[in-house]
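Data from entry_12.txt: compact mmCIF, C-alpha atoms
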# COMPACT_ATOMS: atom_id res chain seq x y z
CA MET A 12 88.25 55.69 -12.83
CA GLY A 13 88.51 55.00 -16.57
CA ASP A 14 88.00 57.58 -19.29
CA ILE A 15 84.99 55.77 -20.65
CA GLU A 16 83.24 56.15 -17.38
CA ARG A 17 83.96 59.86 -17.17
CA GLN A 18 82.53 60.50 -20.63
CA ARG A 19 79.41 58.57 -19.89
CA GLN A 20 76.32 60.67 -19.33
CA PRO A 21 74.33 59.74 -16.26
CA LYS A 22 71.06 58.20 -17.28
CA PRO A 23 68.52 57.71 -14.51
CA PHE A 24 66.51 54.52 -14.52
CA VAL A 25 63.27 56.48 -14.63
CA VAL A 26 63.62 57.21 -18.35
CA VAL A 27 63.07 53.56 -19.20
CA LYS A 28 59.31 53.84 -19.42
CA PRO A 29 58.39 50.65 -21.34
CA GLN A 30 60.20 48.54 -18.78
CA LEU A 31 58.39 50.24 -15.94
CA THR A 32 55.07 49.42 -17.53
CA ALA A 33 56.07 45.80 -17.94
CA LEU A 34 57.22 45.67 -14.37
CA ASN A 35 54.01 47.14 -13.05
CA GLU A 36 52.31 44.05 -14.36
CA LEU A 37 54.69 42.07 -12.21
CA LYS A 38 53.51 44.08 -9.19
CA GLU A 39 56.79 45.92 -9.11
CA ASN A 40 56.87 48.81 -6.71
CA SER A 41 58.35 52.10 -7.76
CA MET A 42 61.97 51.85 -8.82
CA ASN A 43 62.25 55.61 -9.10
CA GLU A 44 65.38 56.41 -7.14
CA ASN A 45 63.93 59.74 -6.01
CA SER A 46 60.93 58.04 -4.56
CA THR A 47 60.84 57.78 -0.80
CA THR A 48 58.18 55.06 -0.77
CA GLU A 49 59.09 51.51 0.11
CA HIS A 50 61.63 49.76 -2.06
CA THR A 51 60.73 46.20 -2.76
CA LEU A 52 60.89 43.78 -5.59
CA ILE A 53 58.62 40.83 -6.17
CA VAL A 54 60.29 37.86 -7.77
CA GLY A 55 58.90 34.36 -7.89
CA GLY A 56 56.16 35.28 -5.43
CA ARG A 57 58.61 36.53 -2.82
CA THR A 58 58.85 40.15 -1.74
CA LEU A 59 62.45 41.22 -1.53
CA ALA A 60 63.63 44.42 0.15
CA LEU A 61 65.86 46.85 -1.71
CA ASP A 62 68.29 49.40 -0.31
CA LYS A 63 68.19 53.12 -1.00
CA HIS A 64 70.15 52.67 -4.22
CA GLY A 65 67.66 50.10 -5.52
CA TYR A 66 70.03 47.20 -4.86
CA LEU A 67 68.96 44.00 -3.14
CA LEU A 68 69.20 44.42 0.65
CA ASP A 69 70.07 40.83 1.53
CA LEU A 70 72.25 38.99 -0.94
CA ALA A 71 71.17 35.65 0.52
CA GLU A 72 67.72 36.25 -0.99
CA TRP A 73 69.11 36.38 -4.50
CA GLU A 74 67.91 34.01 -7.19
CA PRO A 75 68.46 34.11 -10.95
CA GLY A 76 65.02 35.73 -11.31
CA VAL A 77 66.38 38.81 -9.52
CA ALA A 78 69.08 39.20 -12.16
CA GLU A 79 66.49 38.82 -14.92
CA HIS A 80 64.35 41.44 -13.25
CA PHE A 81 67.12 44.00 -12.91
CA ALA A 82 68.36 43.20 -16.42
CA GLN A 83 64.97 44.15 -17.79
CA LEU A 84 65.06 47.39 -15.79
CA GLU A 85 68.51 48.24 -17.06
CA ASN A 86 67.80 47.29 -20.67
CA ILE A 87 70.23 44.39 -20.76
CA GLN A 88 69.64 41.25 -22.82
CA LEU A 89 71.20 38.56 -20.65
CA SER A 90 73.63 36.22 -22.39
CA ASP A 91 75.93 33.47 -21.09
CA ALA A 92 78.68 36.09 -20.91
CA HIS A 93 76.53 38.21 -18.59
CA TRP A 94 75.76 35.24 -16.35
CA GLU A 95 79.45 34.44 -16.15
CA VAL A 96 80.16 37.94 -14.80
CA ILE A 97 77.16 37.82 -12.45
CA ARG A 98 78.28 34.49 -10.99
CA PHE A 99 81.81 35.81 -10.78
CA VAL A 100 80.93 38.95 -8.77
CA ARG A 101 78.80 36.88 -6.39
CA GLU A 102 81.72 34.55 -5.75
CA PHE A 103 83.95 37.58 -5.40
CA TYR A 104 81.69 39.03 -2.69
CA GLN A 105 81.46 35.74 -0.85
CA GLU A 106 85.24 35.46 -0.82
CA PHE A 107 86.24 39.05 -0.06
CA ASN A 108 83.11 40.59 1.52
CA THR A 109 83.18 43.57 -0.80
CA SER A 110 81.50 44.62 -4.02
CA PRO A 111 84.16 45.15 -6.66
CA ALA A 112 84.42 48.58 -8.27
CA VAL A 113 85.50 48.73 -11.92
CA ARG A 114 89.26 48.51 -11.52
CA MET A 115 89.01 45.73 -9.01
CA LEU A 116 86.57 43.84 -11.21
CA VAL A 117 88.86 44.15 -14.24
CA LYS A 118 91.85 42.90 -12.26
CA ALA A 119 89.93 40.02 -10.72
CA MET A 120 88.40 39.02 -14.07
CA ALA A 121 91.85 39.12 -15.68
CA ALA A 122 93.25 36.91 -12.93
CA LYS A 123 90.49 34.34 -13.40
CA PHE A 124 89.60 34.45 -17.10
CA GLY A 125 92.65 36.04 -18.72
CA PRO A 126 93.09 39.38 -20.49
CA GLU A 127 90.45 38.83 -23.20
CA LYS A 128 87.71 39.01 -20.56
CA GLY A 129 89.61 40.94 -17.91
CA ASN A 130 89.48 44.31 -19.59
CA SER A 131 87.13 47.23 -19.30
CA LYS A 132 86.14 47.20 -22.97
CA TYR A 133 84.77 43.66 -22.73
CA LEU A 134 82.91 44.49 -19.53
CA PHE A 135 81.47 47.76 -20.84
CA MET A 136 80.21 45.91 -23.93
CA LEU A 137 78.20 43.68 -21.59
CA PHE A 138 77.19 46.37 -19.09
CA PRO A 139 77.22 49.71 -20.91
CA GLU A 140 76.10 51.79 -17.93
CA GLY A 141 79.07 50.65 -15.86
CA PRO A 142 80.07 47.03 -15.34
CA ALA A 143 80.63 47.22 -11.60
CA LYS A 144 77.45 49.18 -10.96
CA GLN A 145 75.22 47.00 -13.13
CA ALA A 146 76.76 43.57 -12.57
CA THR A 147 76.65 43.95 -8.79
CA ARG A 148 73.01 45.02 -8.95
CA LEU A 149 72.06 42.06 -11.10
CA ALA A 150 74.02 39.80 -8.77
CA GLY A 151 72.13 41.06 -5.71
CA LEU A 152 75.17 42.65 -4.08
CA PRO A 153 75.41 46.09 -2.47
CA LYS A 154 76.43 48.96 -4.73
CA PRO A 155 80.22 49.25 -4.81
CA ALA A 156 81.50 52.01 -2.54
CA LYS A 157 82.45 55.24 -4.29
CA CYS A 158 80.79 54.03 -7.46
CA LEU A 159 79.05 56.76 -9.45
CA MET B 17 104.17 54.71 -9.36
CA GLN B 18 105.67 55.05 -5.92
CA ARG B 19 106.84 52.76 -3.17
CA ILE B 20 104.48 53.57 -0.32
CA ALA B 21 104.56 52.12 3.18
CA ILE B 22 101.29 52.21 5.12
CA ILE B 23 101.50 51.83 8.87
CA GLN B 24 98.30 50.48 10.38
CA THR B 25 97.84 51.43 14.02
CA GLN B 26 94.08 51.25 14.57
CA PRO B 27 92.10 48.43 16.19
CA PRO B 28 89.50 46.85 13.89
CA PHE B 29 86.32 48.64 14.98
CA ASN B 30 87.34 52.13 16.01
CA GLN B 31 84.80 54.36 14.24
CA GLY B 32 85.60 52.77 10.91
CA LYS B 33 89.20 53.93 10.86
CA ALA B 34 90.52 50.47 10.01
CA ARG B 35 88.04 50.16 7.14
CA GLU B 36 89.01 53.56 5.85
CA SER B 37 92.66 52.64 5.82
CA LEU B 38 91.74 49.46 3.96
CA ASP B 39 89.92 51.60 1.38
CA LEU B 40 93.02 53.76 1.09
CA ILE B 41 95.20 50.70 0.54
CA LEU B 42 92.93 49.28 -2.15
CA ALA B 43 92.62 52.66 -3.87
CA LEU B 44 96.39 53.16 -3.98
CA ALA B 45 96.96 49.59 -5.11
CA ALA B 46 94.35 50.00 -7.86
CA VAL B 47 96.45 52.72 -9.43
CA ASP B 48 99.50 50.48 -9.33
CA HIS B 49 101.47 51.91 -6.46
CA GLN B 50 103.86 49.47 -4.87
CA LEU B 51 102.69 49.05 -1.30
CA SER B 52 104.04 47.72 1.95
CA ILE B 53 101.53 47.31 4.74
CA ILE B 54 102.70 47.23 8.33
CA PHE B 55 100.35 46.21 11.14
CA THR B 56 101.62 47.53 14.44
CA GLY B 57 100.27 48.31 17.90
CA ASP B 58 96.53 47.68 18.30
CA ALA B 59 96.21 47.14 14.54
CA VAL B 60 97.27 43.55 15.10
CA TYR B 61 93.78 43.04 16.56
CA GLN B 62 92.50 43.44 13.00
CA LEU B 63 93.97 40.03 12.26
CA LEU B 64 91.99 38.16 14.91
CA PRO B 65 89.20 35.84 13.77
CA LEU B 66 85.83 37.54 14.04
CA ASN B 67 82.64 36.22 15.61
CA THR B 68 80.14 36.59 12.80
CA GLN B 69 77.41 34.72 14.67
CA SER B 70 76.73 37.43 17.23
CA SER B 71 73.34 39.10 17.46
CA GLN B 72 74.75 42.31 15.99
CA PRO B 73 77.24 41.02 13.48
CA LEU B 74 80.00 43.36 12.42
CA LYS B 75 81.10 43.38 8.83
CA ALA B 76 84.10 41.11 8.44
CA PHE B 77 86.00 43.60 6.31
CA GLN B 78 89.12 41.59 7.09
CA LYS B 79 88.07 39.15 4.38
CA SER B 80 89.09 41.87 1.96
CA PHE B 81 92.72 41.38 3.05
CA GLY B 82 92.53 38.47 0.63
CA LEU B 83 92.51 41.06 -2.14
CA PHE B 84 96.09 42.07 -1.34
CA ALA B 85 97.35 39.10 -3.34
CA LEU B 86 95.22 40.14 -6.32
CA TYR B 87 96.76 43.60 -6.15
CA GLU B 88 100.24 42.11 -5.83
CA ILE B 89 100.85 43.69 -2.44
CA GLU B 90 103.77 41.51 -1.45
CA HIS B 91 104.89 43.09 1.79
CA CYS B 92 102.37 42.60 4.57
CA LEU B 93 104.31 42.80 7.79
CA VAL B 94 102.94 42.29 11.27
CA CYS B 95 105.00 43.68 14.13
CA ALA B 96 106.14 40.65 16.12
CA ALA B 97 106.70 42.73 19.25
CA SER B 98 103.12 44.07 19.11
CA LEU B 99 101.81 40.51 18.82
CA THR B 100 103.88 39.35 21.77
CA ALA B 101 102.88 42.32 23.92
CA ARG B 102 99.23 41.36 23.42
CA GLY B 103 99.75 37.64 23.99
CA LEU B 104 99.07 36.92 20.33
CA SER B 105 102.41 35.55 19.25
CA GLY B 106 100.74 32.23 18.38
CA LEU B 107 98.13 33.90 16.14
CA SER B 108 97.90 32.35 12.69
CA LEU B 109 98.26 35.21 10.25
CA PRO B 110 96.35 35.53 6.97
CA GLU B 111 98.05 34.16 3.89
CA GLY B 112 100.80 36.44 2.67
CA PHE B 113 101.25 38.13 6.06
CA THR B 114 104.45 37.63 7.99
CA ALA B 115 105.51 38.52 11.51
CA ALA B 116 108.40 40.95 11.31
CA SER B 117 111.10 42.19 13.68
CA GLN B 118 111.71 45.88 14.36
CA ALA B 119 114.75 45.69 12.07
CA GLU B 120 112.70 44.33 9.15
CA ILE B 121 110.06 47.02 9.65
CA LYS B 122 112.74 49.72 9.76
CA ALA B 123 114.27 48.40 6.55
CA THR B 124 110.85 48.45 4.86
CA LEU B 125 110.25 52.03 5.98
CA ALA B 126 113.70 53.05 4.82
CA SER B 127 113.04 51.78 1.31
CA ALA B 128 109.67 53.57 0.98
CA GLN B 129 109.32 56.84 -0.87
CA GLN B 130 106.20 57.80 1.05
CA ILE B 131 104.99 56.69 4.47
CA ILE B 132 101.38 56.98 5.55
CA ARG B 133 100.37 56.33 9.14
CA CYS B 134 96.73 55.33 9.53

Now, as a test, write the supplied structure out as structure tokens.
Amino acid sequence: MGDIERQRQPKPFVVVKPQLTALNELKENSMNENSTTEHTLIVGGRTLALDKHGYLLDLAEWEPGVAEHFAQLENIQLSDAHWEVIRFVREFYQEFNTSPAVRMLVKAMAAKFGPEKGNSKYLFMLFPEGPAKQATRLAGLPKPAKCL
Amino acid sequence: MQRIAIIQTQPPFNQGKARESLDLILALAAVDHQLSIIFTGDAVYQLLPLNTQSSQPLKAFQKSFGLFALYEIEHCLVCAASLTARGLSGLSLPEGFTAASQAEIKATLASAQQIIRC
């Protein structure tokens, strides 16, 4: 994995208190990863199941509202550039049946969009906590294997 | 960077061994090793189309073979004799995969610096 990722301090989602308050209003269940209670997400009136990592259980249930929801949780202001990556990782999963980890994502982005977007700096600017980890969550995919 | 040949010998759903070898391939390729993949013996069953409509669907990890092109894995050889022995000589192979004779496989192994048998 890249140096940037090694230097990064792990930051659990639970520290983001204002977002949790906002989400409670949206009838969000606990997103605390240590919690053993049920993991669900309510978006657009539908209750969606989450896996033990807090990722969407069934990617077919994804809708843009899910990305907006997770973005709020992860303190990300969604821009067109974010949506481009989100759409890209969803297409990637549909084609290859796997969630891309960072290196794979960088390579695949470079192949599709060229080096100015296919590099880890660009992706970390968009998803500071880890592009593979965050983009796949927003996109409703499983957490990439062996991803910290 | 090394030239590494990976010999696949496992059928597709044998306690996840085929998936683990796929993980190994993608991990080595991600750090820019130059890989040759050889499917031999029961590993040729990994290349069969999968029934994804069954009541207990298995994960079609074989779709990830499509990533080999992205990682510039150029040599994906399938042992022709193994295919024939299993009545699969007419099997249409994934893009980038070629059926290979024993001599071609031997030549590939001879040019590798490391050989891993999965």

Could you build a table of the residues in chain A lying no more than 12 Å from chain B, giving for each the nearest pair of atoms and their separation in Å rounded to one decimal place, using all atoms listed in the file, ordered by chain and ascending residue number, as a tab-separated table?
residue	atom	partner	partner_atom	distance
A:Met12	CA	B:Val47	CA	9.4
A:Gly13	CA	B:Val47	CA	10.9
A:Phe103	CA	B:Leu83	CA	9.8
A:Tyr104	CA	B:Ser80	CA	9.2
A:Gln105	CA	B:Lys79	CA	9.1
A:Glu106	CA	B:Lys79	CA	7.0
A:Phe107	CA	B:Ser80	CA	4.5
A:Asn108	CA	B:Lys79	CA	5.9
A:Thr109	CA	B:Ser80	CA	6.7
A:Ser110	CA	B:Ser80	CA	10.0
A:Pro111	CA	B:Leu83	CA	10.3
A:Ala112	CA	B:Ala46	CA	10.0
A:Val113	CA	B:Ala46	CA	9.8
A:Arg114	CA	B:Ala46	CA	6.4
A:Met115	CA	B:Ala46	CA	6.9
A:Leu116	CA	B:Ala46	CA	10.5
A:Val117	CA	B:Ala46	CA	10.3
A:Lys118	CA	B:Leu86	CA	7.4
A:Ala119	CA	B:Leu86	CA	6.9
A:Met120	CA	B:Leu86	CA	10.4
A:Ala121	CA	B:Leu86	CA	10.0
A:Ala122	CA	B:Leu86	CA	7.6
A:Lys123	CA	B:Leu86	CA	10.3
A:Pro155	CA	B:Asp39	CA	11.7
A:Ala156	CA	B:Asp39	CA	9.3
A:Lys157	CA	B:Asp39	CA	10.1

Next, dump the selected residues to file, keeping only C-alpha atoms, as an mmCIF file, keeping the file's coordinate frame.
data_model
loop_
_atom_site.group_PDB
_atom_site.id
_atom_site.type_symbol
_atom_site.label_atom_id
_atom_site.label_comp_id
_atom_site.auth_asym_id
_atom_site.auth_seq_id
_atom_site.Cartn_x
_atom_site.Cartn_y
_atom_site.Cartn_z
ATOM 1 C CA MET A 12 88.250 55.690 -12.830
ATOM 2 C CA GLY A 13 88.510 55.000 -16.570
ATOM 3 C CA PHE A 103 83.950 37.580 -5.400
ATOM 4 C CA TYR A 104 81.690 39.030 -2.690
ATOM 5 C CA GLN A 105 81.460 35.740 -0.850
ATOM 6 C CA GLU A 106 85.240 35.460 -0.820
ATOM 7 C CA PHE A 107 86.240 39.050 -0.060
ATOM 8 C CA ASN A 108 83.110 40.590 1.520
ATOM 9 C CA THR A 109 83.180 43.570 -0.800
ATOM 10 C CA SER A 110 81.500 44.620 -4.020
ATOM 11 C CA PRO A 111 84.160 45.150 -6.660
ATOM 12 C CA ALA A 112 84.420 48.580 -8.270
ATOM 13 C CA VAL A 113 85.500 48.730 -11.920
ATOM 14 C CA ARG A 114 89.260 48.510 -11.520
ATOM 15 C CA MET A 115 89.010 45.730 -9.010
ATOM 16 C CA LEU A 116 86.570 43.840 -11.210
ATOM 17 C CA VAL A 117 88.860 44.150 -14.240
ATOM 18 C CA LYS A 118 91.850 42.900 -12.260
ATOM 19 C CA ALA A 119 89.930 40.020 -10.720
ATOM 20 C CA MET A 120 88.400 39.020 -14.070
ATOM 21 C CA ALA A 121 91.850 39.120 -15.680
ATOM 22 C CA ALA A 122 93.250 36.910 -12.930
ATOM 23 C CA LYS A 123 90.490 34.340 -13.400
ATOM 24 C CA PRO A 155 80.220 49.250 -4.810
ATOM 25 C CA ALA A 156 81.500 52.010 -2.540
ATOM 26 C CA LYS A 157 82.450 55.240 -4.290
#

Practice item. Within 7 Å of range 80-97 of chain A, counting only C-alpha atoms, which residues show up once you throw out same-chain ones fewer than 6 positions away? Write them as a ChimeraX atom specification, please. Key: /A:30,137,146,149-150

Check your understanding: Which residues come within 12 Å of range 97-113 of chain B, counting only C-alpha atoms, excluding same-chain residues fewer than 6 positions away, as an MDAnalysis selection string?
Key -> chainID B and resid 24:25 52:65 78:86 88:91 119:121

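Take CA of Glu72 in chain A and CA of Ala34 in chain B: the distance between them is 29.0 Å.
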
As AutoDock Vina command-line options, what would the box around range 25-39 of chain B look like: edges along x, y and z, 5 Å added on every side, centre and edge lengths in Å to one decimal?
--center_x 91.3 --center_y 50.6 --center_z 8.8 --size_x 23.0 --size_y 17.5 --size_z 24.8

Review point. How many Å separate CA of Pro153 in chain A from CA of Asn67 in chain B?
Key: 21.8 Å

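Across the model, the gap from CA of Pro27 in chain B to CA of Thr114 in chain B is 18.3 Å.
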
Excluding same-chain residues fewer than 4 positions from Ile41 in chain B, what lies within 8 Å of it counting only C-alpha atoms, as a tab-separated table (two decimals) with C-alpha atoms, keeping the file's coordinate frame?
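In the end it all went to around11.tsv:
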chain	number	residue	atom	x	y	z
B	22	ILE	CA	101.29	52.21	5.12
B	37	SER	CA	92.66	52.64	5.82
B	45	ALA	CA	96.96	49.59	-5.11
B	51	LEU	CA	102.69	49.05	-1.30

Practice item. List every protein, DNA or RNA residue with an atom no more than 12 Å from (67.2, 33.6, -7.8) in the file's coordinates, counting all atoms listed in the file, and format the result as a ChimeraX atom specification. Key: /A:53-57,59,67,70-81,97-98,149-151

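When all atoms listed in the file are used to measure the gap to Ile20 in chain B, the shortest distance among B:Arg35, B:Ala116, B:Cys92, B:His49 belongs to B:His49.
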
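Of the residues under consideration (B:Ala123, B:Gly32, B:Ile23, B:Gln130), B:Gly32 shows the shortest atom-to-atom contact distance to Leu74 in chain B when counting only C-alpha atoms.
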